[in-house]
$ cat protein_29.txt   # compact mmCIF, C-alpha atoms
# COMPACT_ATOMS: atom_id res chain seq x y z
CA MET A 1 30.13 58.44 6.15
CA LYS A 2 27.60 56.11 7.72
CA LYS A 3 26.64 53.14 5.56
CA THR A 4 23.26 51.42 5.54
CA PHE A 5 22.84 47.66 5.17
CA HIS A 6 21.30 46.78 1.82
CA ARG A 7 17.96 44.92 1.93
CA SER A 8 19.33 42.08 -0.22
CA ASN A 9 22.00 41.43 2.41
CA VAL A 10 19.37 41.38 5.15
CA ALA A 11 17.43 38.79 3.17
CA VAL A 12 20.56 36.67 2.71
CA VAL A 13 21.29 36.69 6.43
CA ARG A 14 17.74 35.76 7.32
CA PHE A 15 17.78 32.94 4.80
CA LEU A 16 21.12 31.73 6.12
CA LEU A 17 19.89 31.67 9.72
CA ALA A 18 16.82 29.69 8.70
CA ALA A 19 19.04 27.18 6.85
CA ILE A 20 21.28 26.78 9.91
CA LEU A 21 18.26 26.06 12.12
CA LEU A 22 17.07 23.43 9.67
CA VAL A 23 20.50 21.78 9.63
CA VAL A 24 20.52 21.66 13.43
CA ALA A 25 17.03 20.12 13.41
CA ALA A 26 18.14 17.54 10.85
CA GLY A 27 21.09 16.62 13.05
CA GLN A 28 18.76 16.01 15.97
CA ALA A 29 16.51 13.84 13.80
CA PHE A 30 19.17 11.30 12.82
CA ALA A 31 20.54 10.77 16.35
CA GLY A 32 18.09 10.24 19.18
CA THR A 33 15.28 8.12 20.55
CA ILE A 34 13.28 6.05 18.09
CA PHE A 35 10.97 4.56 20.73
CA SER A 36 10.78 4.27 24.51
CA ASP A 37 8.25 2.53 26.77
CA ASP A 38 8.33 1.69 30.48
CA PHE A 39 4.86 0.08 30.36
CA SER A 40 3.66 2.25 33.25
CA GLY A 41 0.40 3.34 31.61
CA SER A 42 -3.00 1.76 32.09
CA GLY A 43 -2.97 0.44 28.53
CA LEU A 44 -0.47 -0.72 25.95
CA ASN A 45 1.25 2.03 23.95
CA ALA A 46 -0.56 2.39 20.62
CA ALA A 47 2.69 1.87 18.69
CA TRP A 48 2.66 -1.82 19.67
CA GLN A 49 0.70 -4.32 17.60
CA VAL A 50 -1.01 -7.26 19.31
CA LEU A 51 -0.87 -10.37 17.15
CA PRO A 52 -3.51 -12.75 18.58
CA GLY A 53 -2.71 -16.22 19.85
CA GLN A 54 -2.26 -18.33 22.97
CA GLY A 55 -1.05 -16.13 25.82
CA ALA A 56 -2.01 -13.05 27.81
CA PHE A 57 -0.39 -9.85 29.04
CA THR A 58 -0.86 -6.98 31.47
CA VAL A 59 0.78 -3.55 31.74
CA GLY A 60 1.11 -1.01 34.52
CA ALA A 61 4.22 -2.16 36.34
CA GLY A 62 6.12 -3.38 33.31
CA LEU A 63 4.70 -5.61 30.60
CA ARG A 64 3.95 -9.05 32.03
CA TYR A 65 3.62 -11.77 29.40
CA TYR A 66 1.95 -15.06 30.44
CA ASN A 67 2.86 -18.26 28.61
CA GLN A 68 -0.13 -20.28 27.47
CA GLY A 69 -0.45 -23.52 25.51
CA PRO A 70 -1.08 -26.11 24.48
CA LEU A 71 1.78 -26.54 22.03
CA SER A 72 2.03 -22.88 21.00
CA SER A 73 4.88 -20.97 19.36
CA PRO A 74 5.30 -17.57 17.63
CA VAL A 75 5.21 -19.16 14.21
CA GLY A 76 2.66 -21.84 15.09
CA TRP A 77 3.34 -25.25 16.66
CA TYR A 78 -0.10 -26.81 16.93
CA THR A 79 -1.35 -23.39 17.97
CA THR A 80 0.10 -19.91 17.55
CA SER A 81 1.23 -17.87 20.55
CA LEU A 82 0.33 -14.29 21.32
CA ALA A 83 2.93 -11.80 20.08
CA ILE A 84 3.44 -8.14 21.02
CA ALA A 85 5.10 -6.54 18.00
CA LEU A 86 6.73 -3.17 17.29
CA PRO A 87 7.67 -2.44 13.65
CA PHE A 88 10.17 0.38 13.03
CA THR A 89 12.61 1.47 10.34
CA GLY A 90 16.31 2.27 10.39
CA THR A 91 19.66 0.64 9.76
CA SER A 92 21.62 2.02 12.76
CA TRP A 93 20.01 1.51 16.16
CA GLU A 94 20.26 -0.13 19.57
CA ILE A 95 17.49 -1.88 21.52
CA ASP A 96 17.74 -2.16 25.30
CA THR A 97 15.34 -4.15 27.46
CA GLU A 98 15.21 -5.89 30.82
CA ALA A 99 13.40 -9.17 31.45
CA THR A 100 12.62 -10.93 34.74
CA TYR A 101 11.55 -14.57 34.47
CA SER A 102 9.31 -16.84 36.53
CA LEU A 103 9.06 -20.17 34.70
CA ASP A 104 7.24 -23.15 36.19
CA TRP A 105 9.23 -26.37 36.13
CA CYS A 106 6.34 -28.68 37.02
CA THR A 107 2.64 -28.50 36.25
CA SER A 108 0.19 -26.92 38.69
CA GLY A 109 -0.17 -28.88 41.92
CA ASN A 110 3.40 -30.17 41.77
CA THR A 111 6.61 -28.65 43.07
CA TYR A 112 10.34 -29.21 42.83
CA THR A 113 13.55 -27.73 44.21
CA GLY A 114 16.96 -28.85 43.02
CA PRO A 115 19.19 -29.09 39.96
CA ALA A 116 17.73 -28.97 36.47
CA VAL A 117 17.60 -32.68 35.73
CA PRO A 118 14.98 -34.64 33.73
CA ASN A 119 11.70 -35.04 35.59
CA ARG A 120 9.03 -36.59 33.42
CA SER A 121 6.56 -37.25 36.19
CA CYS A 122 5.56 -33.60 36.61
CA SER A 123 7.05 -31.76 33.63
CA SER A 124 5.22 -28.72 32.26
CA GLY A 125 7.20 -29.10 29.05
CA ALA A 126 8.68 -26.19 27.14
CA GLN A 127 8.30 -22.81 28.85
CA ARG A 128 10.29 -20.49 26.58
CA PRO A 129 9.74 -16.71 26.54
CA GLN A 130 11.34 -15.11 23.48
CA VAL A 131 12.62 -11.65 22.54
CA MET A 132 12.85 -11.54 18.77
CA VAL A 133 13.73 -9.06 16.04
CA ALA A 134 12.47 -9.90 12.56
CA PHE A 135 13.76 -8.15 9.45
CA ASP A 136 10.68 -8.91 7.36
CA PRO A 137 7.09 -8.08 8.39
CA VAL A 138 5.33 -10.34 10.89
CA THR A 139 1.60 -9.69 10.83
CA VAL A 140 -1.69 -11.05 12.16
CA SER A 141 -2.20 -13.16 9.04
CA ASP A 142 1.42 -13.94 8.09
CA ARG A 143 4.21 -15.06 10.42
CA SER A 144 6.31 -16.71 7.73
CA ALA A 145 9.11 -14.19 8.39
CA LEU A 146 9.86 -16.26 11.51
CA THR A 147 10.58 -19.42 9.51
CA GLY A 148 13.45 -18.44 7.21
CA GLY A 149 16.10 -17.62 9.80
CA ASN A 150 16.20 -13.88 9.07
CA TYR A 151 15.43 -12.95 12.66
CA ILE A 152 17.13 -12.69 16.05
CA ASP A 153 15.82 -14.98 18.79
CA ILE A 154 16.74 -14.53 22.46
CA ASP A 155 15.34 -17.62 24.17
CA ARG A 156 15.19 -18.07 27.97
CA GLY A 157 13.63 -21.46 28.46
CA THR A 158 13.05 -24.56 30.52
CA ASP A 159 11.75 -28.06 29.88
CA ALA A 160 11.66 -30.43 32.85
CA TRP A 161 11.04 -33.40 30.55
CA TYR A 162 14.62 -33.04 29.26
CA GLY A 163 16.12 -31.32 32.31
CA ASP A 164 16.64 -28.20 30.21
CA ASN A 165 17.26 -24.75 31.74
CA HIS A 166 18.93 -22.34 29.34
CA LEU A 167 19.51 -18.91 27.85
CA SER A 168 20.46 -18.85 24.17
CA VAL A 169 20.69 -16.42 21.25
CA SER A 170 20.44 -17.21 17.55
CA TYR A 171 20.31 -15.61 14.11
CA GLY A 172 20.01 -17.79 11.03
CA SER A 173 22.37 -20.75 11.37
CA LEU A 174 24.39 -19.03 14.11
CA SER A 175 23.66 -19.65 17.77
CA SER A 176 25.18 -19.17 21.18
CA SER A 177 24.08 -21.07 24.27
CA ALA A 178 25.34 -21.63 27.82
CA LEU A 179 24.59 -17.96 28.58
CA LEU A 180 22.56 -18.66 31.72
CA ASN A 181 23.66 -16.94 34.90
CA PRO A 182 25.11 -19.71 37.15
CA ALA A 183 23.01 -18.27 39.98
CA ASP A 184 19.88 -19.28 38.01
CA SER A 185 20.95 -22.84 37.17
CA ALA A 186 18.92 -24.54 39.92
CA ILE A 187 15.14 -24.72 40.29
CA SER A 188 13.79 -23.14 43.49
CA ASN A 189 10.23 -23.76 44.69
CA ASN A 190 9.28 -24.97 41.22
CA ILE A 191 10.55 -21.75 39.55
CA ALA A 192 13.38 -21.11 37.10
CA ASP A 193 14.02 -17.41 37.47
CA GLY A 194 16.54 -14.62 36.87
CA THR A 195 16.72 -11.07 35.59
CA TYR A 196 18.61 -10.30 32.39
CA TRP A 197 19.36 -7.19 30.38
CA TYR A 198 19.57 -7.48 26.59
CA ARG A 199 21.16 -5.10 24.08
CA ILE A 200 20.54 -5.69 20.39
CA ALA A 201 22.42 -3.46 17.95
CA ARG A 202 22.31 -3.01 14.20
CA ASN A 203 24.89 -1.04 12.25
CA GLY A 204 24.00 -1.32 8.57
CA GLY A 205 24.40 -5.02 7.86
CA SER A 206 26.14 -5.90 11.13
CA LEU A 207 24.25 -7.30 14.11
CA SER A 208 25.41 -7.78 17.68
CA ILE A 209 23.51 -9.13 20.67
CA SER A 210 24.80 -8.64 24.21
CA TYR A 211 23.48 -9.68 27.60
CA SER A 212 24.05 -8.66 31.21
CA TYR A 213 23.33 -10.09 34.65
CA ASP A 214 23.38 -6.69 36.38
CA GLY A 215 22.46 -4.06 33.76
CA SER A 216 25.95 -2.56 33.79
CA HIS A 217 28.42 -5.18 32.58
CA TYR A 218 27.58 -6.65 29.17
CA ALA A 219 29.05 -9.64 27.36
CA ASN A 220 28.74 -10.32 23.65
CA ALA A 221 26.48 -13.28 22.92
CA LEU A 222 26.46 -13.26 19.12
CA SER A 223 27.61 -11.21 16.14
CA ALA A 224 26.21 -11.77 12.67
CA THR A 225 25.85 -10.28 9.20
CA LEU A 226 22.33 -9.38 8.16
CA ALA A 227 21.00 -11.29 5.16
CA ASN A 228 19.77 -8.09 3.47
CA PRO A 229 21.78 -5.15 4.85
CA THR A 230 20.00 -2.48 2.77
CA ASN A 231 16.51 -3.35 4.01
CA PRO A 232 15.58 -0.77 6.71
CA PHE A 233 12.65 -2.77 8.12
CA ASN A 234 12.82 -4.14 11.68
CA GLU A 235 10.19 -5.61 14.01
CA LEU A 236 10.70 -6.24 17.72
CA ILE A 237 8.55 -9.13 18.97
CA LEU A 238 7.81 -10.36 22.50
CA SER A 239 6.33 -13.87 22.44
CA ALA A 240 6.84 -17.42 23.73
CA THR A 241 6.90 -21.13 22.97
CA THR A 242 4.80 -23.16 25.43
CA PHE A 243 4.09 -26.89 25.67
CA ASP A 244 1.45 -26.69 28.38
CA THR A 245 -0.09 -23.85 30.37
CA ALA A 246 1.39 -23.65 33.87
CA ASN A 247 1.86 -20.26 35.53
CA SER A 248 4.97 -19.07 33.72
CA PHE A 249 5.40 -15.38 33.02
CA THR A 250 8.01 -12.79 32.08
CA THR A 251 8.04 -9.15 33.17
CA TYR A 252 9.63 -6.67 30.78
CA ASP A 253 10.66 -3.53 32.66
CA HIS A 254 11.18 -1.32 29.61
CA VAL A 255 12.02 -1.17 25.92
CA ASN A 256 14.25 1.61 24.57
CA ILE A 257 15.31 1.97 20.94
CA GLU A 258 17.95 4.58 20.17
CA SER A 259 19.26 5.69 16.79
CA THR A 260 23.03 5.35 16.53
CA SER A 261 23.37 6.92 13.09
CA SER A 262 26.18 9.45 12.67
CA THR A 263 25.40 10.22 9.03
CA PRO A 264 22.79 12.86 8.10
CA GLU A 265 20.05 12.00 5.67
CA PRO A 266 20.54 13.32 2.08
CA GLY A 267 18.27 16.25 2.90
CA GLY A 268 20.68 17.27 5.66
CA PHE A 269 23.58 17.42 3.23
CA ALA A 270 21.50 19.57 0.88
CA LEU A 271 20.70 22.04 3.64
CA MET A 272 24.34 22.31 4.66
CA ALA A 273 25.34 22.98 1.06
CA LEU A 274 22.62 25.61 0.84
CA GLY A 275 23.91 27.26 4.01
CA ALA A 276 27.43 27.38 2.57
CA ALA A 277 26.07 29.01 -0.57
CA CYS A 278 24.30 31.63 1.51
CA ILE A 279 27.52 32.40 3.38
CA GLY A 280 29.23 32.90 0.03
CA LEU A 281 26.50 35.27 -1.11
CA GLY A 282 26.81 37.25 2.10
CA LYS A 283 30.56 37.69 1.55
CA ILE A 284 29.94 38.84 -2.03
CA GLY A 285 27.38 41.33 -0.81
CA ARG A 286 29.85 42.80 1.67
CA ARG A 287 32.53 43.14 -1.00
CA LEU A 288 30.13 44.93 -3.37
CA GLY A 289 29.08 47.43 -0.73
CA PRO A 290 25.72 48.47 0.65
CA GLN A 291 24.35 50.21 -2.44
CA GLN A 292 25.78 48.04 -5.23
CA SER A 293 24.01 45.19 -6.96
CA LEU A 294 25.16 41.98 -8.64
CA ARG A 295 24.16 43.17 -12.10
$ encode --input "protein_29.txt" --output "structure tokens"
Amino acid sequence: MKKTFHRSNVAVVRFLLAAILLVVAAGQAFAGTIFSDDFSGSGLNAAWQVLPGQGAFTVGAGLRYYNQGPLSSPVGWYTTSLAIALPFTGTSWEIDTEATYSLDWCTSGNTYTGPAVPNRSCSSGAQRPQVMVAFDPVTVSDRSALTGGNYIDIDRGTDAWYGDNHLSVSYGSLSSSALLNPADSAISNNIADGTYWYRIARNGGSLSISYSYDGSHYANALSATLANPTNPFNELILSATTFDTANSFTTYDHVNIESTSSTPEPGGFALMALGAACIGLGKIGRRLGPQQSLR
């Protein structure tokens, strides 16, 4: 005798398939790209926020940030420097970026080639591009989040007055220096240069910052524990500290932020439980037969 499939069973199957699709979609949501920008457009991606100050930038072939003074810094020295900021949320992610530097050792009209030794006769002072990640909001009117130490600071800088040519990383009271590529230790035609790749990772309350000279081989620069591991707020900031305007600039090739979470959101668990319940109902329906009910 040929049996027909009961309508209630058809409904269960349809509901189950819909639940499975939702679970798959949820899985894609918690592991993937949070943000990506190669700065190839004619204008800055609207997700970035421009916090006004001393400095300038262009886009089109990367983001080129120009240091400008006098005496400017992201949090305010005597003046405040321009900052390009990207707020985002999440507690498990990885930021990758590439920066190429051209930092003037002497002021305009002067030149120098040689080791990085003090030269006070022509010094342009501090020329320090910075890649930062703050864990409290930094806004147009309030940059106090960059004063308490709850932020990452990757600092590639020079200062001919002191003979300084460095790459350093810090978070809170922790810092790591002497990270400069030996090939970039000397000044050539008045320029301190070099290309570096940075990888900043957060896993809950754990932070790690790595750097590379070739984009393939990374070394750990610093590991730290986040002051507030439950706070999901993050803000990537591109800015600089500058004593005097010379012609220093940094070109950022790209910024990629990837989620590294392997745990579904609570809603994902609920959908999976719902799917399991639907499977159970389907099995019950088959045991009861095509014309029986649950009454």
$ closest_atom_pairs --input "protein_29.txt" --of "range 174-251 of chain A" --to "range 145-150 of chain A" --cutoff "9 Å" --atoms "all atoms listed in the file" --output "tab-separated table"
residue	atom	partner	partner_atom	distance
A:Leu226	CA	A:Asn150	CA	7.7
A:Ala227	CA	A:Asn150	CA	6.7
A:Asn228	CA	A:Asn150	CA	8.8
$ atom_distance --input "protein_29.txt" --atom1 "CA of Gly172 in chain A" --atom2 "CA of Thr225 in chain A"
9.7 Å
$ residues_near_point --input "protein_29.txt" --point "(13.0, -34.5, 31.9)" --cutoff "8 Å" --atoms "all atoms listed in the file" --output "PDB file with C-alpha atoms, in the frame of the given file"
ATOM      1  CA  VAL A 117      17.600 -32.680  35.730  1.00  0.00           C
ATOM      2  CA  PRO A 118      14.980 -34.640  33.730  1.00  0.00           C
ATOM      3  CA  ASN A 119      11.700 -35.040  35.590  1.00  0.00           C
ATOM      4  CA  ARG A 120       9.030 -36.590  33.420  1.00  0.00           C
ATOM      5  CA  SER A 123       7.050 -31.760  33.630  1.00  0.00           C
ATOM      6  CA  ASP A 159      11.750 -28.060  29.880  1.00  0.00           C
ATOM      7  CA  ALA A 160      11.660 -30.430  32.850  1.00  0.00           C
ATOM      8  CA  TRP A 161      11.040 -33.400  30.550  1.00  0.00           C
ATOM      9  CA  TYR A 162      14.620 -33.040  29.260  1.00  0.00           C
ATOM     10  CA  GLY A 163      16.120 -31.320  32.310  1.00  0.00           C
ATOM     11  CA  ASP A 164      16.640 -28.200  30.210  1.00  0.00           C
TER      12      ASP A 164
END
$ residues_around --input "protein_29.txt" --residues "Thr250 in chain A" --least-positions-apart "5" --cutoff "9 Å" --atoms "only C-alpha atoms" --output "number ranges by chain"
A: 63-67, 99-103, 129
$ residues_around --input "protein_29.txt" --residues "Ser168 in chain A" --least-positions-apart "6" --cutoff "7 Å" --atoms "all atoms listed in the file" --output "VMD selection string"
chain A and resid 154 to 156 176 to 179
$ atom_distance --input "protein_29.txt" --atom1 "CA of Arg128 in chain A" --atom2 "CA of Ala224 in chain A"
22.9 Å
$ atom_distance --input "protein_29.txt" --atom1 "CA of Phe35 in chain A" --atom2 "CA of Ala47 in chain A"
8.9 Å
$ closest_residue --input "protein_29.txt" --among "A:Trp197, A:Asn247, A:Ala83, A:Pro74" --to "Ser144 in chain A" --atoms "all atoms listed in the file"
A:Pro74
$ residues_near_point --input "protein_29.txt" --point "(11.9, 0.0, 12.1)" --cutoff "6 Å" --atoms "all atoms listed in the file" --output "PDB file with C-alpha atoms, keeping the file's coordinate frame"
ATOM      1  CA  PRO A  87       7.670  -2.440  13.650  1.00  0.00           C
ATOM      2  CA  PHE A  88      10.170   0.380  13.030  1.00  0.00           C
ATOM      3  CA  THR A  89      12.610   1.470  10.340  1.00  0.00           C
ATOM      4  CA  GLY A  90      16.310   2.270  10.390  1.00  0.00           C
ATOM      5  CA  PHE A 233      12.650  -2.770   8.120  1.00  0.00           C
ATOM      6  CA  ASN A 234      12.820  -4.140  11.680  1.00  0.00           C
TER       7      ASN A 234
END
$ build_atoms --input "protein_29.txt" --residues "range 101-115 of chain A" --atoms "N, CA and C atoms" --output "short mmCIF file (atom, residue, chain, number, x, y, z; two decimals), keeping the file's coordinate frame"
data_model
loop_
_atom_site.label_atom_id
_atom_site.label_comp_id
_atom_site.auth_asym_id
_atom_site.auth_seq_id
_atom_site.Cartn_x
_atom_site.Cartn_y
_atom_site.Cartn_z
N TYR A 101 12.25 -13.33 34.80
CA TYR A 101 11.55 -14.57 34.47
C TYR A 101 11.03 -15.29 35.70
N SER A 102 9.88 -15.94 35.53
CA SER A 102 9.31 -16.84 36.53
C SER A 102 8.69 -18.00 35.75
N LEU A 103 9.46 -19.06 35.57
CA LEU A 103 9.06 -20.17 34.70
C LEU A 103 8.81 -21.42 35.53
N ASP A 104 7.62 -21.98 35.39
CA ASP A 104 7.24 -23.15 36.19
C ASP A 104 7.86 -24.43 35.63
N TRP A 105 8.56 -25.13 36.51
CA TRP A 105 9.23 -26.37 36.13
C TRP A 105 8.24 -27.53 36.02
N CYS A 106 7.36 -27.64 37.00
CA CYS A 106 6.34 -28.68 37.02
C CYS A 106 4.96 -28.09 36.77
N THR A 107 4.02 -28.94 36.45
CA THR A 107 2.64 -28.50 36.25
C THR A 107 2.02 -28.08 37.58
N SER A 108 0.89 -27.40 37.49
CA SER A 108 0.19 -26.92 38.69
C SER A 108 -0.13 -28.08 39.62
N GLY A 109 0.07 -27.85 40.92
CA GLY A 109 -0.17 -28.88 41.92
C GLY A 109 1.06 -29.70 42.25
N ASN A 110 2.15 -29.48 41.50
CA ASN A 110 3.40 -30.17 41.77
C ASN A 110 4.47 -29.14 42.10
N THR A 111 5.52 -29.57 42.75
CA THR A 111 6.61 -28.65 43.07
C THR A 111 7.94 -29.39 43.04
N TYR A 112 9.02 -28.61 42.88
CA TYR A 112 10.34 -29.21 42.83
C TYR A 112 11.38 -28.16 43.19
N THR A 113 12.39 -28.56 43.93
CA THR A 113 13.55 -27.73 44.21
C THR A 113 14.80 -28.58 44.04
N GLY A 114 15.75 -28.08 43.25
CA GLY A 114 16.96 -28.85 43.02
C GLY A 114 17.58 -28.54 41.68
N PRO A 115 18.53 -29.33 41.25
CA PRO A 115 19.19 -29.09 39.96
C PRO A 115 18.24 -29.37 38.80
#
